[in-house]
>>> print(open('run_32.cif').read())   # mmCIF, C-alpha atoms
data_start
#
loop_
_atom_site.label_atom_id
_atom_site.label_comp_id
_atom_site.auth_asym_id
_atom_site.auth_seq_id
_atom_site.Cartn_x
_atom_site.Cartn_y
_atom_site.Cartn_z
CA MET E 1 0.00 0.00 0.00
CA GLY E 2 1.09 3.59 0.40
CA THR E 3 3.40 2.88 3.35
CA SER E 4 4.98 -0.07 5.08
CA ASP E 5 4.40 1.48 8.51
CA THR E 6 1.43 -0.27 10.10
CA GLN E 7 1.30 1.92 13.23
CA ILE E 8 -1.75 4.14 13.60
CA ASP E 9 -0.68 7.75 13.97
CA VAL E 10 -3.84 9.73 14.72
CA ALA E 11 -2.01 12.98 15.44
CA GLY E 12 -0.04 12.67 12.20
CA PHE E 13 -3.20 11.95 10.23
CA VAL E 14 -4.97 15.00 11.66
CA ALA E 15 -1.93 17.20 11.02
CA ASN E 16 -1.72 16.05 7.40
CA LEU E 17 -5.47 16.52 6.99
CA ARG E 18 -5.24 20.11 8.24
CA ALA E 19 -2.37 20.62 5.79
CA LEU E 20 -4.68 19.29 3.01
CA GLN E 21 -2.41 16.39 2.11
CA TYR E 22 -3.81 14.30 -0.78
CA ARG E 23 -3.92 10.98 1.07
CA GLU E 24 -5.65 12.23 4.21
CA VAL E 25 -8.11 14.46 2.33
CA MET E 26 -9.24 11.62 0.02
CA MET E 27 -9.66 9.18 2.90
CA ALA E 28 -11.54 11.69 5.07
CA LEU E 29 -13.87 12.84 2.27
CA ALA E 30 -14.73 9.26 1.30
CA THR E 31 -15.57 8.35 4.89
CA LEU E 32 -17.47 11.54 5.65
CA ALA E 33 -19.56 11.21 2.48
CA VAL E 34 -21.15 7.94 3.56
CA VAL E 35 -21.45 9.04 7.19
CA ALA E 36 -23.31 12.16 6.03
CA GLY E 37 -25.51 10.06 3.72
CA SER E 38 -26.38 7.74 6.59
CA ILE E 39 -27.52 10.73 8.68
CA VAL E 40 -29.09 13.08 6.11
CA PHE E 41 -31.15 10.43 4.30
CA PHE E 42 -32.14 8.41 7.38
CA PRO E 43 -35.81 7.44 6.73
CA GLY E 44 -36.81 7.10 10.38
CA THR E 45 -36.77 4.06 12.62
CA GLU E 46 -40.16 2.86 11.42
CA ASN E 47 -39.06 2.95 7.75
CA VAL E 48 -35.65 1.29 8.02
CA THR E 49 -36.75 -1.75 5.97
CA SER E 50 -39.62 -0.12 4.07
CA GLY E 51 -37.79 0.27 0.77
CA ILE E 52 -36.36 -3.24 0.69
CA GLU E 53 -39.71 -4.86 -0.12
CA SER E 54 -38.68 -7.99 1.73
CA THR E 55 -39.28 -9.47 5.14
CA ILE E 56 -35.87 -9.57 6.75
CA SER E 57 -35.47 -11.49 9.98
CA PRO E 58 -32.87 -10.54 12.60
CA GLY E 59 -30.79 -13.51 11.45
CA LEU E 60 -30.79 -12.37 7.82
CA LEU E 61 -30.00 -8.82 8.90
CA ALA E 62 -27.02 -10.10 10.88
CA LEU E 63 -25.90 -12.08 7.81
CA LEU E 64 -25.99 -8.92 5.67
CA VAL E 65 -23.98 -6.99 8.26
CA VAL E 66 -21.34 -9.73 8.50
CA THR E 67 -21.22 -10.01 4.71
CA ALA E 68 -20.60 -6.27 4.34
CA VAL E 69 -17.76 -6.38 6.89
CA VAL E 70 -16.11 -9.48 5.38
CA ALA E 71 -16.42 -8.08 1.84
CA GLY E 72 -14.80 -4.82 2.97
CA ALA E 73 -11.93 -6.72 4.59
CA ILE E 74 -11.35 -8.73 1.40
CA LYS E 75 -11.37 -5.56 -0.67
CA GLY E 76 -8.84 -4.01 1.69
CA MET E 77 -6.49 -6.99 1.45
CA LEU E 78 -6.72 -7.76 -2.27
CA GLY E 79 -7.68 -4.44 -3.85
CA PHE E 80 -10.92 -5.90 -5.26
CA GLY E 81 -13.66 -8.33 -4.30
CA TYR E 82 -16.25 -6.29 -2.37
CA ALA E 83 -18.99 -6.60 -4.99
CA LEU E 84 -18.08 -10.19 -5.86
CA VAL E 85 -18.71 -11.20 -2.24
CA ALA E 86 -21.53 -8.86 -1.21
CA THR E 87 -23.74 -8.72 -4.31
CA PRO E 88 -24.70 -12.43 -4.57
CA VAL E 89 -25.58 -12.58 -0.86
CA PHE E 90 -27.62 -9.37 -0.90
CA ALA E 91 -29.34 -10.28 -4.19
CA SER E 92 -30.47 -13.59 -2.68
CA VAL E 93 -32.26 -11.71 0.12
CA ILE E 94 -33.56 -8.54 -1.57
CA ASP E 95 -34.56 -7.64 -5.12
CA PRO E 96 -31.48 -8.14 -7.38
CA THR E 97 -31.86 -4.77 -9.12
CA LEU E 98 -32.19 -3.05 -5.74
CA ALA E 99 -29.06 -4.86 -4.56
CA VAL E 100 -27.11 -3.72 -7.64
CA VAL E 101 -28.16 -0.09 -7.11
CA VAL E 102 -27.66 0.03 -3.34
CA LEU E 103 -24.30 -1.74 -3.48
CA ALA E 104 -22.88 0.94 -5.76
CA ILE E 105 -22.33 3.14 -2.69
CA PRO E 106 -19.99 1.04 -0.47
CA PRO E 107 -17.50 0.22 -3.28
CA TRP E 108 -17.41 3.91 -4.23
CA MET E 109 -16.38 4.79 -0.67
CA ILE E 110 -13.80 2.00 -0.40
CA ASN E 111 -12.20 2.77 -3.75
CA MET E 112 -11.95 6.49 -2.99
CA PHE E 113 -10.37 5.54 0.33
CA GLN E 114 -7.83 3.32 -1.43
CA ILE E 115 -7.05 5.95 -4.06
CA GLY E 116 -5.85 8.12 -1.20
CA GLU E 117 -4.07 5.27 0.56
CA THR E 118 -2.07 4.22 -2.52
CA ASP E 119 -1.41 7.77 -3.77
CA THR E 120 -1.93 6.72 -7.41
CA GLY E 121 -4.14 9.55 -8.57
CA LEU E 122 -3.43 11.67 -11.62
CA ASP E 123 -0.31 9.77 -12.71
CA PHE E 124 -2.39 6.69 -13.48
CA ILE E 125 -5.01 8.75 -15.35
CA ARG E 126 -2.33 10.33 -17.54
CA GLU E 127 -0.82 6.94 -18.34
CA GLU E 128 -4.06 5.01 -18.84
CA TRP E 129 -6.54 7.63 -20.06
CA VAL E 130 -7.82 5.31 -22.82
CA LEU E 131 -8.66 2.67 -20.21
CA MET E 132 -10.45 5.27 -18.07
CA ALA E 133 -12.43 6.61 -21.03
CA LEU E 134 -13.54 3.16 -22.21
CA ALA E 135 -14.51 2.18 -18.66
CA ILE E 136 -16.75 5.26 -18.50
CA VAL E 137 -18.34 4.41 -21.88
CA GLY E 138 -19.04 0.87 -20.70
CA THR E 139 -20.55 2.21 -17.48
CA VAL E 140 -22.92 4.61 -19.26
CA ILE E 141 -24.13 1.83 -21.56
CA GLY E 142 -24.52 -0.54 -18.62
CA VAL E 143 -26.59 1.85 -16.49
CA PHE E 144 -28.90 2.50 -19.46
CA PHE E 145 -29.22 -1.26 -19.97
CA LEU E 146 -30.03 -1.81 -16.28
CA SER E 147 -32.71 0.89 -16.29
CA GLU E 148 -34.39 -0.39 -19.46
CA PHE E 149 -34.09 -4.17 -19.33
CA SER E 150 -34.37 -7.03 -16.87
CA THR E 151 -31.13 -8.99 -17.10
CA GLY E 152 -32.29 -11.95 -15.03
CA PRO E 153 -29.64 -14.55 -14.25
CA ILE E 154 -27.83 -14.37 -17.60
CA VAL E 155 -25.28 -11.67 -16.66
CA PRO E 156 -24.25 -13.28 -13.33
CA PHE E 157 -24.03 -16.61 -15.20
CA ILE E 158 -21.67 -15.10 -17.79
CA ILE E 159 -19.59 -13.53 -15.02
CA GLY E 160 -19.41 -16.91 -13.29
CA LEU E 161 -18.11 -18.44 -16.53
CA ILE E 162 -15.47 -15.69 -16.78
CA ILE E 163 -14.27 -16.38 -13.22
CA LEU E 164 -14.23 -20.13 -13.87
CA ALA E 165 -12.28 -19.65 -17.12
CA TYR E 166 -9.73 -17.44 -15.32
CA VAL E 167 -9.24 -19.99 -12.53
CA ILE E 168 -8.79 -22.80 -15.06
CA PHE E 169 -6.32 -20.67 -17.03
CA GLN E 170 -4.26 -19.95 -13.92
CA VAL E 171 -4.27 -23.60 -12.81
CA VAL E 172 -3.24 -24.83 -16.27
CA GLN E 173 -0.52 -22.16 -16.50
CA ASP E 174 0.68 -22.91 -12.95
CA PHE E 175 -0.53 -19.51 -11.69
CA VAL E 176 1.40 -17.48 -14.22
CA THR E 177 2.17 -13.80 -13.70
CA ILE E 178 3.67 -11.63 -16.41
CA GLU E 179 5.70 -8.75 -15.01
CA GLU E 180 4.58 -5.33 -16.24
CA ALA E 181 3.28 -6.55 -19.60
CA HIS E 182 1.23 -3.89 -21.37
CA HIS E 183 -1.39 -4.65 -24.00
CA PRO E 184 -3.34 -1.42 -24.71
CA VAL E 185 -6.10 -3.07 -26.76
CA ALA E 186 -6.68 -5.90 -24.29
CA LEU E 187 -6.57 -3.46 -21.36
CA GLY E 188 -9.06 -1.13 -23.07
CA VAL E 189 -11.48 -3.97 -23.85
CA ALA E 190 -11.21 -5.19 -20.24
CA GLY E 191 -12.00 -1.68 -19.02
CA LEU E 192 -14.99 -1.30 -21.35
CA LEU E 193 -16.48 -4.64 -20.27
CA GLU E 194 -15.64 -3.95 -16.63
CA GLY E 195 -17.70 -0.76 -16.70
CA PHE E 196 -20.63 -2.49 -18.40
CA LEU E 197 -20.68 -5.54 -16.10
CA LEU E 198 -20.35 -3.46 -12.94
CA ALA E 199 -23.21 -1.21 -14.03
CA VAL E 200 -25.50 -4.10 -14.96
CA ALA E 201 -24.72 -6.64 -12.23
CA ASN E 202 -22.31 -4.94 -9.79
CA LEU E 203 -19.88 -7.75 -10.60
CA GLY E 204 -16.75 -7.15 -12.65
CA PRO E 205 -13.93 -9.69 -12.46
CA LEU E 206 -12.33 -8.91 -15.84
CA LEU E 207 -10.13 -5.95 -14.96
CA PRO E 208 -8.96 -7.35 -11.59
CA ALA E 209 -8.04 -10.60 -13.35
CA TYR E 210 -6.13 -8.67 -16.03
CA PHE E 211 -4.24 -6.54 -13.51
CA HIS E 212 -3.55 -9.57 -11.31
CA THR E 213 -1.95 -11.39 -14.22
CA PHE E 214 -0.12 -8.57 -16.00
CA GLU E 215 0.53 -5.90 -13.37
CA ARG E 216 2.52 -7.10 -10.37
CA ASP E 217 3.49 -3.74 -8.91
CA ALA E 218 1.21 -3.87 -5.84
CA GLU E 219 1.04 -0.09 -5.42
CA ARG E 220 0.05 0.47 -9.04
CA TYR E 221 -2.12 -2.63 -9.18
CA ILE E 222 -4.29 -1.76 -6.19
CA GLY E 223 -4.16 2.00 -6.71
CA GLY E 224 -4.77 1.80 -10.45
CA LEU E 225 -7.64 -0.64 -10.05
CA SER E 226 -9.16 1.57 -7.35
CA MET E 227 -8.83 4.56 -9.68
CA VAL E 228 -10.76 2.78 -12.44
CA LEU E 229 -13.38 1.31 -10.11
CA GLY E 230 -13.81 4.60 -8.25
CA THR E 231 -14.44 6.35 -11.57
CA ILE E 232 -16.91 3.66 -12.67
CA PHE E 233 -18.90 3.84 -9.44
CA THR E 234 -18.91 7.65 -9.49
CA VAL E 235 -20.31 7.69 -13.03
CA ARG E 236 -22.82 4.97 -12.12
CA ILE E 237 -24.18 6.84 -9.11
CA LEU E 238 -24.41 10.19 -10.91
CA GLN E 239 -26.08 8.68 -13.98
CA MET E 240 -28.57 6.68 -11.91
CA ALA E 241 -29.41 9.77 -9.83
CA LEU E 242 -29.67 12.29 -12.68
CA PHE E 243 -31.00 10.32 -15.63
CA THR E 244 -32.92 7.33 -14.26
CA ASP E 245 -35.29 6.51 -11.42
CA LEU E 246 -33.00 3.83 -10.01
CA ILE E 247 -31.61 5.96 -7.15
CA THR E 248 -33.93 7.22 -4.40
CA THR E 249 -33.12 8.91 -1.09
CA TYR E 250 -33.90 5.62 0.68
CA ARG E 251 -31.46 3.70 -1.52
CA LEU E 252 -28.80 6.36 -0.97
CA TRP E 253 -29.30 5.99 2.79
CA LEU E 254 -29.20 2.19 2.68
CA GLY E 255 -26.06 2.15 0.55
CA SER E 256 -24.36 4.69 2.81
CA ALA E 257 -25.33 2.75 5.93
CA ILE E 258 -23.97 -0.50 4.46
#
>>> encode(input="run_32.cif", output="structure tokens")
Amino acid sequence: MGTSDTQIDVAGFVANLRALQYREVMMALATLAVVAGSIVFFPGTENVTSGIESTISPGLLALLVVTAVVAGAIKGMLGFGYALVATPVFASVIDPTLAVVVLAIPPWMINMFQIGETDTGLDFIREEWVLMALAIVGTVIGVFFLSEFSTGPIVPFIIGLIILAYVIFQVVQDFVTIEEAHHPVALGVAGLLEGFLLAVANLGPLLPAYFHTFERDAERYIGGLSMVLGTIFTVRILQMALFTDLITTYRLWLGSAI
């Protein structure tokens, strides 16, 4: 990550935040955004589950809480994986489209947090602007598709096949990694499909798999992936809020609370 020092230095963090250092500002803004959303859009105690349209028992609620925590821990360790863990569990309990929309908020926060932690930022955008642009295009198309069509199980099924194919490839190749290989066309296609799949199903294993195989610089790998995913989730949320009826104040609250 951004530093090898694992000690928590609260005074240093506050001092850097007051000095408007990039890392501390990004991490603080990401955290405060969801805290504010949890407070401002709170629907009232009697309406906490009103927008879910599902009868959730205390046991299921506990499962969702644990899932969100575990998925966040996995994302923190690997640089990806929040949506891959959380979305299938949430979609099995609540409406799948609702799960896809609501679960756009937590990954946005985590990726913005990691952008600050890895200090990747503008350097990655300058180097990989084609990837960023194609990811945005894929996201816009995907949000439109989600708002207009019911995808059913076909998209998660395709994503499952992609993950299975990647695992088989790695096993056959004895878990190959290719140091700092760069294939602009393949990277751009992966970014385009990543944006589309994340927008439609909140599941996007293509770009993490590509980076994991071809980009072994951990700082750039995690920071660069967070930069792309943070951009995708930002575009998703803005497009859903401004141009569709997918985002409501209740869904913003639920996503922020998660």
>>> resolve_selection(input="run_32.cif", expression="the PyMOL selection byres ((chain E and resi 24) around 12)", output="PyMOL selection string")
chain E and resi 2+9-23+25-32+112-119
>>> write_last_selection(input="run_32.cif", atoms="C-alpha atoms", output="tab-separated table (two decimals), in the frame of the given file")
chain	number	residue	atom	x	y	z
E	2	GLY	CA	1.09	3.59	0.40
E	9	ASP	CA	-0.68	7.75	13.97
E	10	VAL	CA	-3.84	9.73	14.72
E	11	ALA	CA	-2.01	12.98	15.44
E	12	GLY	CA	-0.04	12.67	12.20
E	13	PHE	CA	-3.20	11.95	10.23
E	14	VAL	CA	-4.97	15.00	11.66
E	15	ALA	CA	-1.93	17.20	11.02
E	16	ASN	CA	-1.72	16.05	7.40
E	17	LEU	CA	-5.47	16.52	6.99
E	18	ARG	CA	-5.24	20.11	8.24
E	19	ALA	CA	-2.37	20.62	5.79
E	20	LEU	CA	-4.68	19.29	3.01
E	21	GLN	CA	-2.41	16.39	2.11
E	22	TYR	CA	-3.81	14.30	-0.78
E	23	ARG	CA	-3.92	10.98	1.07
E	25	VAL	CA	-8.11	14.46	2.33
E	26	MET	CA	-9.24	11.62	0.02
E	27	MET	CA	-9.66	9.18	2.90
E	28	ALA	CA	-11.54	11.69	5.07
E	29	LEU	CA	-13.87	12.84	2.27
E	30	ALA	CA	-14.73	9.26	1.30
E	31	THR	CA	-15.57	8.35	4.89
E	32	LEU	CA	-17.47	11.54	5.65
E	112	MET	CA	-11.95	6.49	-2.99
E	113	PHE	CA	-10.37	5.54	0.33
E	114	GLN	CA	-7.83	3.32	-1.43
E	115	ILE	CA	-7.05	5.95	-4.06
E	116	GLY	CA	-5.85	8.12	-1.20
E	117	GLU	CA	-4.07	5.27	0.56
E	118	THR	CA	-2.07	4.22	-2.52
E	119	ASP	CA	-1.41	7.77	-3.77
>>> atom_distance(input="run_32.cif", atom1="CA of Ile105 (chain E)", atom2="CA of Ser256 (chain E)")
6.1 Å
>>> closest_atom_pairs(input="run_32.cif", of="region 71-172 of chain E", to="region 34-40 of chain E", cutoff="10 Å", atoms="all atoms listed in the file", output="JSON lines")
{"residue": "E:Ile105", "atom": "CA", "partner": "E:Val34", "partner_atom": "CA", "distance": 8.0}
{"residue": "E:Pro106", "atom": "CA", "partner": "E:Val34", "partner_atom": "CA", "distance": 8.1}
{"residue": "E:Trp108", "atom": "CA", "partner": "E:Val34", "partner_atom": "CA", "distance": 9.5}
{"residue": "E:Met109", "atom": "CA", "partner": "E:Val34", "partner_atom": "CA", "distance": 7.1}
>>> axis_aligned_box(input="run_32.cif", around="region 123-138 of chain E", padding_each_side="4 Å", output="lines of an AutoDock Vina configuration file")
center_x = -9.7
center_y = 5.6
center_z = -17.8
size_x = 26.7
size_y = 17.5
size_z = 18.1
>>> residues_around(input="run_32.cif", residues="region 229-235 of chain E", least_positions_apart="3", cutoff="10 Å", atoms="only C-alpha atoms", output="MDAnalysis selection string")
chainID E and resid 80 103:115 132:133 135:140 143 191 194:196 198:199 202 204 207:208 223:226 238:241
>>> closest_atom_pairs(input="run_32.cif", of="region 3-110 of chain E", to="region 145-150 of chain E", cutoff="12 Å", atoms="only C-alpha atoms", output="Markdown table")
| residue | atom | partner | partner_atom | distance |
| --- | --- | --- | --- | --- |
| E:Asp95 | CA | E:Ser150 | CA | 11.8 |
| E:Pro96 | CA | E:Ser150 | CA | 10.0 |
| E:Thr97 | CA | E:Leu146 | CA | 8.0 |
| E:Leu98 | CA | E:Leu146 | CA | 10.8 |
| E:Val100 | CA | E:Leu146 | CA | 9.3 |
| E:Val101 | CA | E:Leu146 | CA | 9.5 |
>>> residues_around(input="run_32.cif", residues="Leu78 (chain E)", least_positions_apart="4", cutoff="9 Å", atoms="all atoms listed in the file", output="list of chain:residue names")
E:Ala73, E:Ile74, E:Ile222
>>> residues_around(input="run_32.cif", residues="Pro43 (chain E)", least_positions_apart="3", cutoff="8 Å", atoms="all atoms listed in the file", output="PyMOL selection string")
chain E and resi 46-48+250+253
>>> atom_distance(input="run_32.cif", atom1="CA of Arg251 (chain E)", atom2="CA of Ile52 (chain E)")
8.8 Å
>>> resolve_selection(input="run_32.cif", expression="the PyMOL selection byres ((chain E and resi 61-64) around 9)", output="PyMOL selection string")
chain E and resi 56-60+65-69+86+89-90+93+258
>>> atom_distance(input="run_32.cif", atom1="CA of Leu197 (chain E)", atom2="CA of Ala33 (chain E)")
25.0 Å
>>> closest_residue(input="run_32.cif", among="E:Gly188, E:Pro88, E:Gly81, E:Gly76", to="Pro205 (chain E)", atoms="all atoms listed in the file")
E:Gly81
>>> closest_residue(input="run_32.cif", among="E:Leu206, E:Ala71, E:Tyr221, E:Asp123", to="Ala165 (chain E)", atoms="all atoms listed in the file")
E:Leu206
>>> closest_residue(input="run_32.cif", among="E:Pro184, E:Phe42, E:Val85, E:Leu242", to="Glu127 (chain E)", atoms="only C-alpha atoms")
E:Pro184
>>> closest_residue(input="run_32.cif", among="E:Val167, E:Met227, E:Ile237, E:Leu252", to="Trp129 (chain E)", atoms="all atoms listed in the file")
E:Met227
